[in-house]
Amino acid sequence: MSSRAYVWLVLALCAAFILPVAGLNLLLGASSLRYDKNQLASDWQQATRGVTYAPPITHNRPFKTLRLNERIGEINAVVFGSSTTMGLARDALPPGFEIYNFAQTGNPLGAMIGEAEYVVRRWGGRIQLLVIPLDWALGFVYERGEPAAMQLTPETARHEAAAALPSLRARVEDALSLPRLRILLTIARAIATAPDSAAAFREYFLAPAGPEYRCPDGTPARDFDVVSRGLCNGFRYDGSATFADQKRLEPARAAATLAAAASGSGQYAAALRAGGGEPNAALLDRLSRLAREADARGTKLLLLLPPLAPGMEEALGRTGHSGAWLRSTLERLHAWAARERIALLDAGRSERYGCTMSEFIDPHHALPDCYRRVFAGWPGVATATAR
């Protein structure tokens, strides 16, 4: 065989593999172009009170905005934040509070403040409590700049979802990525082993969602994505996350987990180093104004230092590379909250509330078990949230 013929053979074999893979993955992605999955998932959850989410899991605002507007007549408390507060479920707060957890993946503090300002001005007379986290571990309290004004209408949610749709080039690149190839292989195995392969193919490639099923606790669930199907992964009716695709930290590896978390080259030390122990005064000023405006409308603001894995904050505080910055940050936040008379629940040392290592999926993501302990163990929860 000539070298030219060999090259053409190799190219043909590559095309025979790449083109079907790209085509099938583009067909999977086209589902999000054909259907408004945020609206479909929101409507389904409102009707069933089940577990679901609209893809992608990394961009929750459109779905959560639709849910907030749908739930607003049923709730009197809103939890803001990033994924670190997604574990805060309705049963963590005292009886009488019905929450919607509006936390979104990677949501910065500036955005939370803008969201809370919108809620106060739109629904202040109806909402009794706002919970906003002050995350130093992820660097959110150190972010520069002023919070931006936010609009949380269904129309804004639909516009934002449409604007976030990837270009054709981005879809093709994603279709050929290794993660997508792995997902496609998982789907292929599921179709091959299904009782009705043709129906399974239509379900994955042409339908907007998978079939409804039941979580282990009996809650209905439906997946509007092809990833993590059947795992009950997503958001509950109260907006909190199930974290069903994550594993709990192993208590047997507690020492190794804490050593990595307290490392000078770790993400938490990097956040403290970037902030230099000084929370952004502009963010704190807007929070002070928000607290006063909320109070005038009958709404209380509760600030939260989210729970961290037991021993993590203490371990970082003892280090020479980050201890001084951590102490400065906490002292400044507590002094400012006391001066402004804003309730501040410091759950950073979660061990004080009885949280265990297995109630975390990593050092800064607490599960509902820990959040229940934090709020039950804080004596100020009743008075700070009372009207």
# chains A, B, ... in the order shown; residues from 1 in each chain; ligands from 1

$ residues_around --residues "Ser240 of chain A" --least-positions-apart "3" --cutoff "10 Å" --atoms "only C-alpha atoms" --output "count of residues only"
22

$ select_by_dssp --residues "segment 114-178 of chain A" --states "helix (DSSP H, G or I)" --output "PyMOL selection string"
chain A and resi 114-123+140-142+154-163+168-175+178

$ closest_residue --among "A:Pro307, A:Pro154, A:Gly106, A:Gly348" --to "Thr65 of chain A" --atoms "only C-alpha atoms"
A:Pro154

$ residues_around --residues "Gly218 of chain A" --least-positions-apart "6" --cutoff "12 Å" --atoms "only C-alpha atoms" --output "list in words"
Arg49, Gly50, Val51, Glu212 and Cys232 of chain A

$ select_by_dssp --residues "segment 235-348 of chain A" --states "strand (DSSP E)" --output "ChimeraX atom specification"
/A:300-305,343-346

$ write_last_selection --atoms "N, CA, C and O atoms" --output "PDB file, in the first residue's frame"
ATOM      1  N   LYS A 300     -36.226  40.490  57.771  1.00  0.00           N
ATOM      2  CA  LYS A 300     -34.976  40.406  58.514  1.00  0.00           C
ATOM      3  C   LYS A 300     -33.880  39.788  57.638  1.00  0.00           C
ATOM      4  O   LYS A 300     -34.137  38.890  56.832  1.00  0.00           O
ATOM      5  N   LEU A 301     -32.658  40.293  57.820  1.00  0.00           N
ATOM      6  CA  LEU A 301     -31.504  39.769  57.113  1.00  0.00           C
ATOM      7  C   LEU A 301     -30.646  38.964  58.080  1.00  0.00           C
ATOM      8  O   LEU A 301     -30.284  39.445  59.154  1.00  0.00           O
ATOM      9  N   LEU A 302     -30.363  37.728  57.714  1.00  0.00           N
ATOM     10  CA  LEU A 302     -29.476  36.874  58.488  1.00  0.00           C
ATOM     11  C   LEU A 302     -28.253  36.554  57.634  1.00  0.00           C
ATOM     12  O   LEU A 302     -28.378  35.968  56.555  1.00  0.00           O
ATOM     13  N   LEU A 303     -27.080  36.962  58.105  1.00  0.00           N
ATOM     14  CA  LEU A 303     -25.838  36.652  57.404  1.00  0.00           C
ATOM     15  C   LEU A 303     -25.253  35.364  57.964  1.00  0.00           C
ATOM     16  O   LEU A 303     -25.364  35.090  59.168  1.00  0.00           O
ATOM     17  N   LEU A 304     -24.636  34.587  57.087  1.00  0.00           N
ATOM     18  CA  LEU A 304     -24.157  33.263  57.465  1.00  0.00           C
ATOM     19  C   LEU A 304     -22.715  33.068  57.013  1.00  0.00           C
ATOM     20  O   LEU A 304     -22.388  33.296  55.844  1.00  0.00           O
ATOM     21  N   LEU A 305     -21.867  32.682  57.945  1.00  0.00           N
ATOM     22  CA  LEU A 305     -20.553  32.171  57.576  1.00  0.00           C
ATOM     23  C   LEU A 305     -20.742  30.661  57.434  1.00  0.00           C
ATOM     24  O   LEU A 305     -20.929  29.962  58.432  1.00  0.00           O
ATOM     25  N   ALA A 343     -27.772  40.346  62.245  1.00  0.00           N
ATOM     26  CA  ALA A 343     -27.530  39.010  62.794  1.00  0.00           C
ATOM     27  C   ALA A 343     -26.509  38.272  61.935  1.00  0.00           C
ATOM     28  O   ALA A 343     -26.634  38.230  60.710  1.00  0.00           O
ATOM     29  N   LEU A 344     -25.497  37.692  62.584  1.00  0.00           N
ATOM     30  CA  LEU A 344     -24.454  36.949  61.890  1.00  0.00           C
ATOM     31  C   LEU A 344     -24.295  35.592  62.561  1.00  0.00           C
ATOM     32  O   LEU A 344     -23.943  35.507  63.743  1.00  0.00           O
ATOM     33  N   LEU A 345     -24.565  34.556  61.821  1.00  0.00           N
ATOM     34  CA  LEU A 345     -24.404  33.189  62.315  1.00  0.00           C
ATOM     35  C   LEU A 345     -23.079  32.645  61.787  1.00  0.00           C
ATOM     36  O   LEU A 345     -22.931  32.409  60.588  1.00  0.00           O
ATOM     37  N   ASP A 346     -22.118  32.470  62.662  1.00  0.00           N
ATOM     38  CA  ASP A 346     -20.793  31.993  62.284  1.00  0.00           C
ATOM     39  C   ASP A 346     -20.741  30.482  62.476  1.00  0.00           C
ATOM     40  O   ASP A 346     -20.583  29.978  63.588  1.00  0.00           O
TER      41      ASP A 346
END
